[in-house]
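Student: Dropping in coords_3.cif, which is mmCIF, N, CA and C atoms and all ligand atoms:
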data_query
#
loop_
_atom_site.group_PDB
_atom_site.id
_atom_site.type_symbol
_atom_site.label_atom_id
_atom_site.label_comp_id
_atom_site.auth_asym_id
_atom_site.auth_seq_id
_atom_site.Cartn_x
_atom_site.Cartn_y
_atom_site.Cartn_z
ATOM 1 N N MET R 25 -15.625 -3.397 -8.253
ATOM 2 C CA MET R 25 -14.297 -2.778 -8.400
ATOM 3 C C MET R 25 -14.479 -1.262 -8.555
ATOM 4 N N TRP R 26 -13.711 -0.473 -7.824
ATOM 5 C CA TRP R 26 -13.817 0.980 -7.973
ATOM 6 C C TRP R 26 -12.462 1.579 -8.274
ATOM 7 N N ARG R 27 -12.523 2.684 -9.017
ATOM 8 C CA ARG R 27 -11.293 3.351 -9.438
ATOM 9 C C ARG R 27 -10.777 4.263 -8.342
ATOM 10 N N LEU R 28 -9.471 4.300 -8.219
ATOM 11 C CA LEU R 28 -8.878 5.242 -7.271
ATOM 12 C C LEU R 28 -8.874 6.626 -7.919
ATOM 13 N N PRO R 29 -9.251 7.646 -7.182
ATOM 14 C CA PRO R 29 -9.226 8.981 -7.771
ATOM 15 C C PRO R 29 -7.786 9.468 -7.973
ATOM 16 N N VAL R 30 -7.572 10.113 -9.087
ATOM 17 C CA VAL R 30 -6.234 10.638 -9.397
ATOM 18 C C VAL R 30 -6.349 12.132 -9.679
ATOM 19 N N CYS R 31 -5.404 12.892 -9.190
ATOM 20 C CA CYS R 31 -5.402 14.322 -9.451
ATOM 21 C C CYS R 31 -4.015 14.747 -9.944
ATOM 22 N N LEU R 32 -3.999 15.394 -11.088
ATOM 23 C CA LEU R 32 -2.755 15.946 -11.619
ATOM 24 C C LEU R 32 -2.592 17.332 -11.015
ATOM 25 N N VAL R 33 -1.510 17.532 -10.270
ATOM 26 C CA VAL R 33 -1.318 18.804 -9.575
ATOM 27 C C VAL R 33 -0.145 19.563 -10.198
ATOM 28 N N GLY R 34 -0.443 20.780 -10.617
ATOM 29 C CA GLY R 34 0.610 21.642 -11.153
ATOM 30 C C GLY R 34 0.989 22.663 -10.092
ATOM 31 N N ASN R 35 2.200 22.556 -9.584
ATOM 32 C CA ASN R 35 2.643 23.472 -8.520
ATOM 33 C C ASN R 35 3.278 24.737 -9.120
ATOM 34 N N LYS R 36 3.585 25.672 -8.277
ATOM 35 C CA LYS R 36 4.240 26.941 -8.616
ATOM 36 C C LYS R 36 3.383 27.800 -9.548
ATOM 37 N N ARG R 37 2.110 27.855 -9.229
ATOM 38 C CA ARG R 37 1.176 28.671 -10.008
ATOM 39 C C ARG R 37 1.604 30.142 -10.010
ATOM 40 N N ASP R 38 2.255 30.558 -8.921
ATOM 41 C CA ASP R 38 2.682 31.962 -8.815
ATOM 42 C C ASP R 38 3.791 32.306 -9.812
ATOM 43 N N LEU R 39 4.471 31.274 -10.322
ATOM 44 C CA LEU R 39 5.553 31.527 -11.291
ATOM 45 C C LEU R 39 5.066 31.286 -12.721
ATOM 46 N N CYS R 40 3.834 31.698 -12.997
ATOM 47 C CA CYS R 40 3.241 31.392 -14.306
ATOM 48 C C CYS R 40 4.004 32.042 -15.459
ATOM 49 N N TYR R 41 4.706 33.152 -15.186
ATOM 50 C CA TYR R 41 5.479 33.815 -16.265
ATOM 51 C C TYR R 41 6.656 32.951 -16.726
ATOM 52 N N ALA R 42 7.073 31.996 -15.878
ATOM 53 C CA ALA R 42 8.194 31.121 -16.250
ATOM 54 C C ALA R 42 7.699 29.715 -16.608
ATOM 55 N N ARG R 43 6.450 29.675 -17.032
ATOM 56 C CA ARG R 43 5.793 28.400 -17.337
ATOM 57 C C ARG R 43 6.589 27.575 -18.361
ATOM 58 N N GLN R 44 6.739 26.269 -18.080
ATOM 59 C CA GLN R 44 7.439 25.387 -19.010
ATOM 60 C C GLN R 44 6.502 24.354 -19.627
ATOM 61 N N VAL R 45 5.389 24.111 -18.941
ATOM 62 C CA VAL R 45 4.390 23.170 -19.459
ATOM 63 C C VAL R 45 3.131 23.966 -19.794
ATOM 64 N N ARG R 46 2.686 23.873 -21.039
ATOM 65 C CA ARG R 46 1.518 24.647 -21.451
ATOM 66 C C ARG R 46 0.247 24.129 -20.771
ATOM 67 N N GLU R 47 -0.656 25.068 -20.510
ATOM 68 C CA GLU R 47 -1.926 24.740 -19.846
ATOM 69 C C GLU R 47 -2.652 23.613 -20.594
ATOM 70 N N GLU R 48 -2.666 23.693 -21.930
ATOM 71 C CA GLU R 48 -3.388 22.696 -22.738
ATOM 72 C C GLU R 48 -2.806 21.300 -22.552
ATOM 73 N N GLU R 49 -1.488 21.245 -22.322
ATOM 74 C CA GLU R 49 -0.850 19.933 -22.117
ATOM 75 C C GLU R 49 -1.415 19.269 -20.868
ATOM 76 N N GLY R 50 -1.533 20.092 -19.813
ATOM 77 C CA GLY R 50 -2.082 19.582 -18.552
ATOM 78 C C GLY R 50 -3.528 19.162 -18.725
ATOM 79 N N GLN R 51 -4.309 20.028 -19.389
ATOM 80 C CA GLN R 51 -5.728 19.727 -19.610
ATOM 81 C C GLN R 51 -5.880 18.458 -20.443
ATOM 82 N N GLY R 52 -5.038 18.358 -21.479
ATOM 83 C CA GLY R 52 -5.083 17.192 -22.374
ATOM 84 C C GLY R 52 -4.813 15.909 -21.608
ATOM 85 N N LEU R 53 -3.825 15.977 -20.747
ATOM 86 C CA LEU R 53 -3.441 14.796 -19.977
ATOM 87 C C LEU R 53 -4.568 14.358 -19.029
ATOM 88 N N THR R 54 -5.223 15.350 -18.438
ATOM 89 C CA THR R 54 -6.313 15.004 -17.513
ATOM 90 C C THR R 54 -7.487 14.371 -18.265
ATOM 91 N N GLN R 55 -7.715 14.864 -19.508
ATOM 92 C CA GLN R 55 -8.800 14.257 -20.290
ATOM 93 C C GLN R 55 -8.438 12.842 -20.700
ATOM 94 N N GLU R 56 -7.181 12.687 -21.098
ATOM 95 C CA GLU R 56 -6.701 11.372 -21.541
ATOM 96 C C GLU R 56 -6.776 10.359 -20.395
ATOM 97 N N ARG R 57 -6.335 10.787 -19.234
ATOM 98 C CA ARG R 57 -6.301 9.879 -18.069
ATOM 99 C C ARG R 57 -7.582 9.912 -17.245
ATOM 100 N N ARG R 58 -8.484 10.794 -17.647
ATOM 101 C CA ARG R 58 -9.753 10.998 -16.929
ATOM 102 C C ARG R 58 -9.516 11.207 -15.429
ATOM 103 N N CYS R 59 -8.677 12.205 -15.140
ATOM 104 C CA CYS R 59 -8.394 12.516 -13.740
ATOM 105 C C CYS R 59 -8.668 14.007 -13.487
ATOM 106 N N HIS R 60 -8.534 14.395 -12.243
ATOM 107 C CA HIS R 60 -8.762 15.791 -11.876
ATOM 108 C C HIS R 60 -7.502 16.607 -12.125
ATOM 109 N N PHE R 61 -7.676 17.921 -12.194
ATOM 110 C CA PHE R 61 -6.554 18.802 -12.471
ATOM 111 C C PHE R 61 -6.627 19.996 -11.536
ATOM 112 N N LYS R 62 -5.517 20.286 -10.881
ATOM 113 C CA LYS R 62 -5.537 21.415 -9.952
ATOM 114 C C LYS R 62 -4.199 22.146 -10.040
ATOM 115 N N LYS R 63 -4.300 23.463 -10.159
ATOM 116 C CA LYS R 63 -3.085 24.278 -10.156
ATOM 117 C C LYS R 63 -2.955 24.896 -8.770
ATOM 118 N N VAL R 64 -1.765 24.764 -8.189
ATOM 119 C CA VAL R 64 -1.568 25.262 -6.822
ATOM 120 C C VAL R 64 -0.248 26.025 -6.718
ATOM 121 N N SER R 65 -0.110 26.698 -5.602
ATOM 122 C CA SER R 65 1.178 27.316 -5.289
ATOM 123 C C SER R 65 1.477 27.013 -3.826
ATOM 124 N N ALA R 66 2.455 26.154 -3.627
ATOM 125 C CA ALA R 66 2.835 25.794 -2.258
ATOM 126 C C ALA R 66 3.372 27.015 -1.527
ATOM 127 N N ALA R 67 3.997 27.933 -2.294
ATOM 128 C CA ALA R 67 4.591 29.119 -1.689
ATOM 129 C C ALA R 67 3.516 30.100 -1.210
ATOM 130 N N GLU R 68 2.454 30.229 -1.997
ATOM 131 C CA GLU R 68 1.424 31.224 -1.676
ATOM 132 C C GLU R 68 0.307 30.694 -0.791
ATOM 133 N N CYS R 69 -0.060 29.443 -1.014
ATOM 134 C CA CYS R 69 -1.247 28.935 -0.309
ATOM 135 C C CYS R 69 -1.122 27.433 -0.064
ATOM 136 N N PHE R 70 -0.545 27.095 1.077
ATOM 137 C CA PHE R 70 -0.371 25.661 1.351
ATOM 138 C C PHE R 70 -1.704 24.974 1.596
ATOM 139 N N GLU R 71 -2.758 25.774 1.926
ATOM 140 C CA GLU R 71 -4.086 25.183 2.156
ATOM 141 C C GLU R 71 -4.609 24.498 0.882
ATOM 142 N N ASP R 72 -4.197 25.037 -0.268
ATOM 143 C CA ASP R 72 -4.613 24.421 -1.535
ATOM 144 C C ASP R 72 -4.092 22.993 -1.631
ATOM 145 N N ILE R 73 -2.861 22.794 -1.168
ATOM 146 C CA ILE R 73 -2.244 21.445 -1.226
ATOM 147 C C ILE R 73 -3.025 20.518 -0.293
ATOM 148 N N ALA R 74 -3.280 21.027 0.930
ATOM 149 C CA ALA R 74 -4.042 20.225 1.894
ATOM 150 C C ALA R 74 -5.419 19.902 1.311
ATOM 151 N N GLY R 75 -6.005 20.890 0.598
ATOM 152 C CA GLY R 75 -7.322 20.708 -0.003
ATOM 153 C C GLY R 75 -7.336 19.578 -1.023
ATOM 154 N N VAL R 76 -6.264 19.478 -1.813
ATOM 155 C CA VAL R 76 -6.178 18.416 -2.821
ATOM 156 C C VAL R 76 -6.219 17.055 -2.125
ATOM 157 N N PHE R 77 -5.414 16.905 -1.083
ATOM 158 C CA PHE R 77 -5.368 15.623 -0.371
ATOM 159 C C PHE R 77 -6.697 15.338 0.330
ATOM 160 N N THR R 78 -7.287 16.375 0.916
ATOM 161 C CA THR R 78 -8.572 16.179 1.602
ATOM 162 C C THR R 78 -9.629 15.681 0.625
ATOM 163 N N LYS R 79 -9.675 16.321 -0.565
ATOM 164 C CA LYS R 79 -10.662 15.925 -1.573
ATOM 165 C C LYS R 79 -10.453 14.483 -2.022
ATOM 166 N N LEU R 80 -9.169 14.133 -2.248
ATOM 167 C CA LEU R 80 -8.863 12.773 -2.716
ATOM 168 C C LEU R 80 -9.273 11.745 -1.665
ATOM 169 N N ILE R 81 -8.925 12.035 -0.406
ATOM 170 C CA ILE R 81 -9.252 11.096 0.673
ATOM 171 C C ILE R 81 -10.769 10.962 0.806
ATOM 172 N N ARG R 82 -11.465 12.126 0.716
ATOM 173 C CA ARG R 82 -12.933 12.097 0.818
ATOM 174 C C ARG R 82 -13.521 11.235 -0.297
ATOM 175 N N ARG R 83 -12.991 11.404 -1.510
ATOM 176 C CA ARG R 83 -13.494 10.630 -2.649
ATOM 177 C C ARG R 83 -13.252 9.132 -2.457
ATOM 178 N N VAL R 84 -12.069 8.782 -1.908
ATOM 179 C CA VAL R 84 -11.761 7.366 -1.655
ATOM 180 C C VAL R 84 -12.760 6.788 -0.654
ATOM 181 N N VAL R 85 -13.014 7.545 0.414
ATOM 182 C CA VAL R 85 -13.942 7.068 1.446
ATOM 183 C C VAL R 85 -15.344 6.906 0.848
ATOM 184 N N GLU R 86 -15.792 7.924 0.067
ATOM 185 C CA GLU R 86 -17.124 7.853 -0.551
ATOM 186 C C GLU R 86 -17.236 6.655 -1.492
ATOM 187 N N ASN R 87 -16.215 6.480 -2.333
ATOM 188 C CA ASN R 87 -16.226 5.362 -3.281
ATOM 189 C C ASN R 87 -16.271 4.028 -2.554
ATOM 190 N N ASN R 88 -15.501 3.964 -1.467
ATOM 191 C CA ASN R 88 -15.449 2.725 -0.696
ATOM 192 C C ASN R 88 -16.812 2.419 -0.085
ATOM 193 N N LEU R 89 -17.462 3.454 0.466
ATOM 194 C CA LEU R 89 -18.786 3.257 1.069
ATOM 195 C C LEU R 89 -19.796 2.809 0.015
ATOM 196 N N LYS R 90 -19.729 3.461 -1.161
ATOM 197 C CA LYS R 90 -20.658 3.130 -2.238
ATOM 198 C C LYS R 90 -20.413 1.680 -2.704
ATOM 199 N N TYR R 91 -19.144 1.340 -2.826
ATOM 200 C CA TYR R 91 -18.778 -0.016 -3.265
ATOM 201 C C TYR R 91 -19.318 -1.062 -2.293
ATOM 202 N N ARG R 92 -19.167 -0.772 -0.976
ATOM 203 C CA ARG R 92 -19.652 -1.709 0.045
ATOM 204 C C ARG R 92 -21.169 -1.811 0.021
ATOM 205 N N ALA R 93 -21.826 -0.640 -0.172
ATOM 206 C CA ALA R 93 -23.295 -0.635 -0.203
ATOM 207 C C ALA R 93 -23.790 -1.443 -1.404
ATOM 208 N N ASP R 94 -23.139 -1.245 -2.577
ATOM 209 C CA ASP R 94 -23.524 -1.997 -3.779
ATOM 210 C C ASP R 94 -23.316 -3.486 -3.579
ATOM 211 N N ARG R 95 -22.214 -3.822 -2.933
ATOM 212 C CA ARG R 95 -21.902 -5.241 -2.709
ATOM 213 C C ARG R 95 -22.946 -5.884 -1.817
ATOM 214 N N CYS R 96 -23.363 -5.138 -0.801
ATOM 215 C CA CYS R 96 -24.395 -5.654 0.110
ATOM 216 C C CYS R 96 -25.701 -5.830 -0.645
ATOM 217 N N ARG R 97 -26.046 -4.769 -1.460
ATOM 218 C CA ARG R 97 -27.321 -4.781 -2.176
ATOM 219 C C ARG R 97 -27.382 -5.939 -3.163
ATOM 220 N N TYR R 98 -26.306 -6.065 -3.973
ATOM 221 C CA TYR R 98 -26.346 -7.080 -5.022
ATOM 222 C C TYR R 98 -25.833 -8.437 -4.549
ATOM 223 N N GLY R 99 -25.067 -8.429 -3.474
ATOM 224 C CA GLY R 99 -24.501 -9.695 -2.994
ATOM 225 C C GLY R 99 -25.358 -10.337 -1.927
ATOM 226 N N GLY R 100 -26.411 -9.632 -1.465
ATOM 227 C CA GLY R 100 -27.252 -10.128 -0.377
ATOM 228 C C GLY R 100 -27.865 -11.485 -0.636
ATOM 229 N N PRO R 101 -28.743 -11.596 -1.650
ATOM 230 C CA PRO R 101 -29.402 -12.872 -1.908
ATOM 231 C C PRO R 101 -28.412 -13.982 -2.229
ATOM 232 N N LYS R 102 -27.334 -13.612 -2.940
ATOM 233 C CA LYS R 102 -26.325 -14.606 -3.302
ATOM 234 C C LYS R 102 -25.675 -15.164 -2.037
ATOM 235 N N SER R 103 -25.384 -14.263 -1.099
ATOM 236 C CA SER R 103 -24.757 -14.689 0.148
ATOM 237 C C SER R 103 -25.719 -15.581 0.931
ATOM 238 N N MET R 104 -26.994 -15.215 0.874
ATOM 239 C CA MET R 104 -28.001 -16.007 1.577
ATOM 240 C C MET R 104 -28.077 -17.407 0.956
ATOM 241 N N ALA R 105 -28.046 -17.474 -0.364
ATOM 242 C CA ALA R 105 -28.082 -18.770 -1.049
ATOM 243 C C ALA R 105 -26.859 -19.588 -0.665
ATOM 244 N N LYS R 106 -25.728 -18.912 -0.608
ATOM 245 C CA LYS R 106 -24.480 -19.590 -0.229
ATOM 246 C C LYS R 106 -24.600 -20.164 1.175
ATOM 247 N N LEU R 107 -25.166 -19.353 2.068
ATOM 248 C CA LEU R 107 -25.326 -19.754 3.463
ATOM 249 C C LEU R 107 -26.221 -20.992 3.561
ATOM 250 N N ILE R 108 -27.321 -20.965 2.812
ATOM 251 C CA ILE R 108 -28.257 -22.096 2.831
ATOM 252 C C ILE R 108 -27.586 -23.343 2.262
ATOM 253 N N ASN R 109 -26.861 -23.146 1.158
ATOM 254 C CA ASN R 109 -26.150 -24.280 0.557
ATOM 255 C C ASN R 109 -25.127 -24.869 1.510
ATOM 256 N N ASN R 110 -24.435 -24.001 2.211
ATOM 257 C CA ASN R 110 -23.435 -24.479 3.163
ATOM 258 C C ASN R 110 -24.090 -25.251 4.314
ATOM 259 N N MET R 111 -25.246 -24.770 4.730
ATOM 260 C CA MET R 111 -25.920 -25.403 5.871
ATOM 261 C C MET R 111 -26.539 -26.744 5.491
ATOM 262 N N PHE R 112 -27.191 -26.791 4.326
ATOM 263 C CA PHE R 112 -27.961 -28.001 3.973
ATOM 264 C C PHE R 112 -27.329 -28.816 2.850
ATOM 265 N N GLY R 113 -26.206 -28.377 2.337
ATOM 266 C CA GLY R 113 -25.578 -29.105 1.231
ATOM 267 C C GLY R 113 -26.147 -28.611 -0.078
ATOM 268 N N LYS R 114 -25.314 -28.642 -1.125
ATOM 269 C CA LYS R 114 -25.704 -28.050 -2.400
ATOM 270 C C LYS R 114 -26.779 -28.859 -3.116
ATOM 271 N N ARG R 115 -26.628 -30.202 -3.123
ATOM 272 C CA ARG R 115 -27.539 -31.042 -3.909
ATOM 273 C C ARG R 115 -28.598 -31.700 -3.024
ATOM 274 N N ARG R 116 -29.378 -30.882 -2.414
ATOM 275 C CA ARG R 116 -30.433 -31.487 -1.596
ATOM 276 C C ARG R 116 -31.668 -31.721 -2.468
ATOM 277 N N LYS R 117 -32.394 -32.767 -2.141
ATOM 278 C CA LYS R 117 -33.597 -33.096 -2.922
ATOM 279 C C LYS R 117 -34.766 -32.265 -2.425
ATOM 280 N N SER R 118 -35.570 -31.839 -3.361
ATOM 281 C CA SER R 118 -36.742 -31.065 -2.936
ATOM 282 C C SER R 118 -37.822 -32.040 -2.470
ATOM 283 N N VAL R 119 -38.630 -31.617 -1.521
ATOM 284 C CA VAL R 119 -39.666 -32.515 -0.976
ATOM 285 C C VAL R 119 -41.035 -32.238 -1.594
HETATM 286 N N1 LIG W 201 7.639 30.271 -6.105
HETATM 287 C C1 LIG W 201 7.396 29.034 -5.688
HETATM 288 N N2 LIG W 201 8.399 28.254 -5.288
HETATM 289 C C2 LIG W 201 8.139 26.996 -4.874
HETATM 290 C C3 LIG W 201 6.828 26.465 -4.867
HETATM 291 N N3 LIG W 201 6.885 25.194 -4.432
HETATM 292 C C4 LIG W 201 8.166 24.943 -4.182
HETATM 293 N N4 LIG W 201 8.942 26.023 -4.453
HETATM 294 C C5 LIG W 201 10.369 26.153 -4.322
HETATM 295 O O1 LIG W 201 10.975 25.305 -5.277
HETATM 296 C C6 LIG W 201 12.225 24.811 -4.771
HETATM 297 C C7 LIG W 201 12.237 23.298 -4.867
HETATM 298 O O2 LIG W 201 11.300 22.817 -3.976
HETATM 299 P P1 LIG W 201 11.328 21.340 -3.505
HETATM 300 O O3 LIG W 201 10.297 21.182 -2.458
HETATM 301 O O4 LIG W 201 12.743 20.988 -3.150
HETATM 302 O O5 LIG W 201 10.801 20.559 -4.761
HETATM 303 P P2 LIG W 201 11.541 19.506 -5.664
HETATM 304 O O6 LIG W 201 10.480 18.700 -6.313
HETATM 305 O O7 LIG W 201 12.572 18.800 -4.878
HETATM 306 O O8 LIG W 201 12.227 20.420 -6.738
HETATM 307 P P3 LIG W 201 11.591 21.076 -8.035
HETATM 308 O O9 LIG W 201 11.601 20.036 -9.131
HETATM 309 O O10 LIG W 201 12.511 22.244 -8.367
HETATM 310 O O11 LIG W 201 10.222 21.528 -7.706
HETATM 311 C C8 LIG W 201 12.347 25.325 -3.353
HETATM 312 O O12 LIG W 201 13.192 26.460 -3.371
HETATM 313 C C9 LIG W 201 10.938 25.726 -3.000
HETATM 314 O O13 LIG W 201 10.896 26.764 -2.078
HETATM 315 C C10 LIG W 201 5.756 27.326 -5.296
HETATM 316 O O14 LIG W 201 4.577 26.985 -5.340
HETATM 317 N N5 LIG W 201 6.111 28.591 -5.707
#
Using structure tokens, write down the structure that the file contains.
Tutor:
Amino acid sequence: MWRLPVCLVGNKRDLCYARQVREEEGQGLTQERRCHFKKVSAAECFEDIAGVFTKLIRRVVENNLKYRADRCRYGGPKSMAKLINNMFGKRRKSV
């Protein structure tokens, strides 16, 4: 089982003088939820927004690959045993 990556995104970084949520609140929440934190400004730099999504997607793909590799590594012999059991029956007598 793998966790989906989560990122808390604070938009309108350029309007920091009119801030309504304190920086510590955001940081606290990310620690509590163990997620990423990114401050962006859609008005100033839309590439930052694209970057957040790119990073999240990359992390999902990496996690998925790692999960599959682990499953193959640890599930290999078990799958082989299952295959043998299916082919010859579970309660076969040893010779
Ligand atoms: N200065 C600034 N304005 C922004 C930014 N992002 C969005 N806005 C403006 O905020 C207003 C609301 O944007 P929407 O995309 O409608 O967002 P919303 O979630 O529906 O509304 P809000 O809760 O007000 O953000 C629009 O006038 C946007 O142009 C930003 O990063 N900086």
Student: Check every protein, DNA and RNA residue against ligand LIG 201 (chain W), keep those with an atom at most 5 Å away (counting all atoms listed in the file), and present them as a list in words.
Tutor: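 Using all atoms listed in the file, everything at most 5 Å from ligand LIG 201 (chain W) comes to Asn35, Lys36, Arg37, Ser65, Ala66 and Ala67 of chain R.
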Student: Hey, what's within 6 Å of stretch 49-62 of chain R if we count all atoms listed in the file and toss same-chain stuff fewer than 5 positions away? As a list of chain:residue names, please?
Tutor: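 Here the answer would be R:Val30, R:Cys31, R:Leu32, R:Val33, R:Gly34.
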Student: Output as a ChimeraX atom specification all residues of stretch 42-118 of chain R that backbone DSSP marks as alpha helix (DSSP H).
Tutor: /R:47-57,70-112
Student: Could you give me, as a list of chain:residue names, the residues within 10 Å of R:Pro29, counting only C-alpha atoms and dropping anything in the same chain fewer than 6 positions from it?
Tutor: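 Returned residues: R:Arg58, R:Cys59, R:His60, R:Lys79, R:Leu80, R:Ile81, R:Arg82, R:Arg83, R:Val84, R:Asn87.
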Student: Just the selected residues (N, CA and C atoms), exported as a tab-separated table (two decimals), in the coordinates of the input, please.
Tutor:
chain	number	residue	atom	x	y	z
R	58	ARG	N	-8.48	10.79	-17.65
R	58	ARG	CA	-9.75	11.00	-16.93
R	58	ARG	C	-9.52	11.21	-15.43
R	59	CYS	N	-8.68	12.20	-15.14
R	59	CYS	CA	-8.39	12.52	-13.74
R	59	CYS	C	-8.67	14.01	-13.49
R	60	HIS	N	-8.53	14.40	-12.24
R	60	HIS	CA	-8.76	15.79	-11.88
R	60	HIS	C	-7.50	16.61	-12.12
R	79	LYS	N	-9.68	16.32	-0.56
R	79	LYS	CA	-10.66	15.92	-1.57
R	79	LYS	C	-10.45	14.48	-2.02
R	80	LEU	N	-9.17	14.13	-2.25
R	80	LEU	CA	-8.86	12.77	-2.72
R	80	LEU	C	-9.27	11.74	-1.66
R	81	ILE	N	-8.93	12.04	-0.41
R	81	ILE	CA	-9.25	11.10	0.67
R	81	ILE	C	-10.77	10.96	0.81
R	82	ARG	N	-11.46	12.13	0.72
R	82	ARG	CA	-12.93	12.10	0.82
R	82	ARG	C	-13.52	11.24	-0.30
R	83	ARG	N	-12.99	11.40	-1.51
R	83	ARG	CA	-13.49	10.63	-2.65
R	83	ARG	C	-13.25	9.13	-2.46
R	84	VAL	N	-12.07	8.78	-1.91
R	84	VAL	CA	-11.76	7.37	-1.66
R	84	VAL	C	-12.76	6.79	-0.65
R	87	ASN	N	-16.22	6.48	-2.33
R	87	ASN	CA	-16.23	5.36	-3.28
R	87	ASN	C	-16.27	4.03	-2.55
Student: Atom N of R:Phe77 and atom CA of R:Leu89 are how many Å apart?
Tutor: 19.2 Å
Student: Could you jot down the atom N of R:Ala105 to atom C of R:Glu86 separation for me, Å, one decimal place?
Tutor: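 Calculated distance between atom N of R:Ala105 and atom C of R:Glu86 is 26.5 Å.
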Student: Adding 5 Å on each side of the box along x, y and z that holds all listed atoms of stretch 69-77 of chain R, could you give its centre and edge lengths in Å to one decimal, as AutoDock Vina command-line options?
Tutor:
--center_x -3.7 --center_y 22.4 --center_z -0.3 --size_x 17.3 --size_y 24.1 --size_z 15.0
Student: So, counting all atoms listed in the file, which residue among R:Lys106, R:Asp38, R:Phe112, R:Arg27 is closest to R:Glu68?
Tutor: R:Asp38
Student: One decimal, Å: what's the distance from atom CA of R:Asn88 over to atom CA of R:Phe70, could you say?
Tutor: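 Separating atom CA of R:Asn88 from atom CA of R:Phe70 is a distance of 27.5 Å.
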Student: What parts of chain R does DSSP call strand (DSSP E)? I'd like the answer as an MDAnalysis selection string.
Tutor: chainID R and resid 31:34 60:63
